[in-house]
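Printed here is data.pdb (PDB, C-alpha atoms, pLDDT in the B column):
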ATOM      1  CA  MET A   9       7.373  -6.059 -14.953  1.00 62.00           C
ATOM      2  CA  SER A  10      10.708  -7.561 -14.065  1.00 86.00           C
ATOM      3  CA  GLU A  11      11.828  -9.975 -11.379  1.00 92.00           C
ATOM      4  CA  GLN A  12      14.152  -7.230 -10.161  1.00 94.00           C
ATOM      5  CA  ALA A  13      11.237  -4.793  -9.704  1.00 94.00           C
ATOM      6  CA  VAL A  14       9.234  -7.378  -7.749  1.00 95.00           C
ATOM      7  CA  GLN A  15      12.196  -8.246  -5.520  1.00 97.00           C
ATOM      8  CA  HIS A  16      12.927  -4.574  -4.864  1.00 97.00           C
ATOM      9  CA  ALA A  17       9.266  -3.982  -3.927  1.00 97.00           C
ATOM     10  CA  LEU A  18       9.310  -7.003  -1.582  1.00 98.00           C
ATOM     11  CA  ASP A  19      12.491  -5.754   0.098  1.00 98.00           C
ATOM     12  CA  VAL A  20      11.047  -2.253   0.569  1.00 98.00           C
ATOM     13  CA  LYS A  21       7.780  -3.717   1.893  1.00 98.00           C
ATOM     14  CA  ARG A  22       9.680  -5.756   4.486  1.00 98.00           C
ATOM     15  CA  ARG A  23      11.571  -2.684   5.677  1.00 98.00           C
ATOM     16  CA  HIS A  24       8.449  -0.507   6.036  1.00 98.00           C
ATOM     17  CA  GLU A  25       5.615  -2.953   6.767  1.00 97.00           C
ATOM     18  CA  SER A  26       5.436  -2.448  10.548  1.00 97.00           C
ATOM     19  CA  GLU A  27       5.494   1.344  10.117  1.00 96.00           C
ATOM     20  CA  LEU A  28       2.660   1.203   7.573  1.00 97.00           C
ATOM     21  CA  LEU A  29       0.560  -1.146   9.708  1.00 97.00           C
ATOM     22  CA  ARG A  30       0.669   1.373  12.576  1.00 95.00           C
ATOM     23  CA  LYS A  31      -1.232   3.933  10.474  1.00 94.00           C
ATOM     24  CA  PRO A  32      -4.980   4.309  11.148  1.00 90.00           C
ATOM     25  CA  ASN A  33      -7.251   2.151   8.961  1.00 93.00           C
ATOM     26  CA  VAL A  34      -4.376   0.068   7.538  1.00 96.00           C
ATOM     27  CA  VAL A  35      -5.249  -3.641   7.708  1.00 96.00           C
ATOM     28  CA  ALA A  36      -2.716  -5.249   5.335  1.00 96.00           C
ATOM     29  CA  VAL A  37       0.422  -4.561   3.302  1.00 97.00           C
ATOM     30  CA  GLY A  38       1.508  -6.540   0.260  1.00 97.00           C
ATOM     31  CA  VAL A  39       3.136  -6.336  -3.146  1.00 97.00           C
ATOM     32  CA  GLY A  40       1.110  -6.451  -6.340  1.00 95.00           C
ATOM     33  CA  PHE A  41       0.074  -4.528  -9.414  1.00 94.00           C
ATOM     34  CA  ARG A  42      -1.231  -0.974  -9.241  1.00 92.00           C
ATOM     35  CA  THR A  43      -4.943  -0.595  -9.917  1.00 88.00           C
ATOM     36  CA  ARG A  44      -6.293   2.223 -12.080  1.00 87.00           C
ATOM     37  CA  GLY A  45      -9.985   2.592 -12.771  1.00 85.00           C
ATOM     38  CA  GLY A  46     -10.657  -0.779 -11.191  1.00 83.00           C
ATOM     39  CA  ARG A  47      -8.199  -2.593 -13.472  1.00 87.00           C
ATOM     40  CA  ALA A  48      -4.715  -3.866 -12.668  1.00 81.00           C
ATOM     41  CA  ILE A  49      -1.902  -2.372 -14.703  1.00 86.00           C
ATOM     42  CA  SER A  50       1.595  -3.780 -15.073  1.00 85.00           C
ATOM     43  CA  GLU A  51       3.220  -1.436 -12.538  1.00 93.00           C
ATOM     44  CA  VAL A  52       4.597  -3.234  -9.469  1.00 96.00           C
ATOM     45  CA  CYS A  53       3.747  -1.435  -6.250  1.00 97.00           C
ATOM     46  CA  ILE A  54       3.256  -1.837  -2.526  1.00 98.00           C
ATOM     47  CA  VAL A  55      -0.464  -2.379  -1.953  1.00 97.00           C
ATOM     48  CA  VAL A  56      -1.732  -0.918   1.304  1.00 97.00           C
ATOM     49  CA  SER A  57      -5.209  -2.161   2.227  1.00 96.00           C
ATOM     50  CA  VAL A  58      -7.329   0.162   4.361  1.00 97.00           C
ATOM     51  CA  THR A  59     -10.738  -0.233   5.963  1.00 96.00           C
ATOM     52  CA  GLN A  60     -11.862   3.067   4.451  1.00 95.00           C
ATOM     53  CA  LYS A  61     -10.188   5.652   2.223  1.00 94.00           C
ATOM     54  CA  ILE A  62     -10.062   9.015   3.936  1.00 93.00           C
ATOM     55  CA  PRO A  63      -9.017  12.221   2.158  1.00 92.00           C
ATOM     56  CA  ALA A  64      -5.507  13.303   3.147  1.00 90.00           C
ATOM     57  CA  ALA A  65      -6.903  16.682   4.210  1.00 92.00           C
ATOM     58  CA  ASP A  66      -8.917  14.906   6.938  1.00 94.00           C
ATOM     59  CA  LEU A  67      -5.887  13.093   8.371  1.00 93.00           C
ATOM     60  CA  LYS A  68      -3.183  14.301  10.701  1.00 94.00           C
ATOM     61  CA  ARG A  69       0.184  14.737   9.035  1.00 93.00           C
ATOM     62  CA  HIS A  70       1.664  11.581  10.618  1.00 92.00           C
ATOM     63  CA  GLU A  71      -1.364   9.514   9.517  1.00 94.00           C
ATOM     64  CA  VAL A  72      -0.984  10.192   5.775  1.00 94.00           C
ATOM     65  CA  LEU A  73       0.405   7.308   3.729  1.00 96.00           C
ATOM     66  CA  PRO A  74       3.344   8.122   1.465  1.00 95.00           C
ATOM     67  CA  ALA A  75       2.845   8.023  -2.312  1.00 95.00           C
ATOM     68  CA  VAL A  76       6.232   6.348  -2.784  1.00 97.00           C
ATOM     69  CA  LEU A  77       8.724   4.462  -0.605  1.00 97.00           C
ATOM     70  CA  GLU A  78      12.282   4.019  -1.865  1.00 97.00           C
ATOM     71  CA  ASP A  79      11.179   4.490  -5.493  1.00 96.00           C
ATOM     72  CA  VAL A  80       8.318   1.977  -5.143  1.00 97.00           C
ATOM     73  CA  PRO A  81       4.830   3.462  -5.634  1.00 97.00           C
ATOM     74  CA  ILE A  82       2.133   2.915  -3.007  1.00 97.00           C
ATOM     75  CA  ASP A  83      -1.387   1.928  -4.073  1.00 97.00           C
ATOM     76  CA  VAL A  84      -4.014   2.420  -1.358  1.00 96.00           C
ATOM     77  CA  VAL A  85      -6.950   0.020  -1.755  1.00 95.00           C
ATOM     78  CA  GLU A  86     -10.136   0.142   0.314  1.00 94.00           C
ATOM     79  CA  THR A  87     -10.899  -3.417   1.424  1.00 93.00           C
ATOM     80  CA  GLY A  88     -12.911  -2.935   4.577  1.00 89.00           C
ATOM     81  CA  VAL A  89     -12.151  -5.020   7.637  1.00 89.00           C
ATOM     82  CA  ILE A  90     -10.234  -8.238   6.955  1.00 86.00           C
ATOM     83  CA  ARG A  91     -11.224 -11.184   9.123  1.00 84.00           C
ATOM     84  CA  ALA A  92      -9.560 -14.582   9.294  1.00 79.00           C
ATOM     85  CA  TRP A  93     -11.764 -17.582  10.075  1.00 83.00           C
TER      86      TRP A  93
END

Starting from the coordinates I provided, produce the structure as structure tokens.
Amino acid sequence: MSEQAVQHALDVKRRHESELLRKPNVVAVGVGFRTRGGRAISEVCIVVSVTQKIPAADLKRHEVLPAVLEDVPIDVVETGVIRAW
């Protein structure tokens, strides 16, 4: 992981955050490490939190999240509903 990779991911997130938040089930967008098998790995990515993961085949074309944005991978994480108290 490099500072440059983190900054690039933050910049890309800022440019696409509102677009991602308009997708069904998306509740948050951030930058972090990709998760594989329940464990974080050292790959910087845009983390898109969703209430429920839905197979791409069950979504309309415009509802599907991209795998990559501007060379930054997207990691979709099921978090459920996020509530602030």

How would you write as JSON, numbers by chain the residues that get within 7 Å of (-2.4, 0.0, 3.5) in the file's frame, counting all atoms listed in the file?
{"A": [28, 29, 34, 35, 36, 37, 55, 56, 57, 58, 84, 85]}

Taking C-alpha atoms for each residue, export the selection above as an mmCIF file, in the coordinates of the input.
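Output below, filename result-v1.cif:
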data_model
loop_
_atom_site.group_PDB
_atom_site.id
_atom_site.type_symbol
_atom_site.label_atom_id
_atom_site.label_comp_id
_atom_site.auth_asym_id
_atom_site.auth_seq_id
_atom_site.Cartn_x
_atom_site.Cartn_y
_atom_site.Cartn_z
ATOM 1 C CA LEU A 28 2.660 1.203 7.573
ATOM 2 C CA LEU A 29 0.560 -1.146 9.708
ATOM 3 C CA VAL A 34 -4.376 0.068 7.538
ATOM 4 C CA VAL A 35 -5.249 -3.641 7.708
ATOM 5 C CA ALA A 36 -2.716 -5.249 5.335
ATOM 6 C CA VAL A 37 0.422 -4.561 3.302
ATOM 7 C CA VAL A 55 -0.464 -2.379 -1.953
ATOM 8 C CA VAL A 56 -1.732 -0.918 1.304
ATOM 9 C CA SER A 57 -5.209 -2.161 2.227
ATOM 10 C CA VAL A 58 -7.329 0.162 4.361
ATOM 11 C CA VAL A 84 -4.014 2.420 -1.358
ATOM 12 C CA VAL A 85 -6.950 0.020 -1.755
#

Using only C-alpha atoms for the distances, tell me which of A:Val20, A:Ile90, A:Pro81, A:Gln15 is nearest to Glu51 (chain A).
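So, comparing all the options, the nearest one is A:Pro81.
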
Residues within 7 Å of Cys53 (chain A), all atoms listed in the file, excluding chain neighbours under 3 positions, as a list in words:
Ala17, Val39, Gly40, Phe41, Arg42, Val80, Pro81, Ile82 and Asp83 of chain A

Could you write out as JSON the box around region 73-83 of chain A (axis-aligned, all atoms listed in the file, 8 Å on each side), with centre and edge lengths in Å to one decimal?
{"center_x": 5.4, "center_y": 5.0, "center_z": -1.0, "size_x": 29.7, "size_y": 22.2, "size_z": 25.4}

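Counting all atoms listed in the file and comparing A:Lys21, A:Glu71, A:Glu86, A:Ala64, the residue that lies closest to Gly46 (chain A) is A:Glu86.
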
In terms of the shortest atom-to-atom distance over all atoms listed in the file, which of A:Thr87, A:Glu27, A:Val14, A:Gly45 is closest to His70 (chain A)?
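The shortest atom-to-atom distance to His70 (chain A) comes from A:Glu27.
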
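Closest approach to Gly88 (chain A) among A:Gln12, A:Thr43, A:Ser50, A:Thr59 is made by A:Thr59 (distances from all atoms listed in the file).
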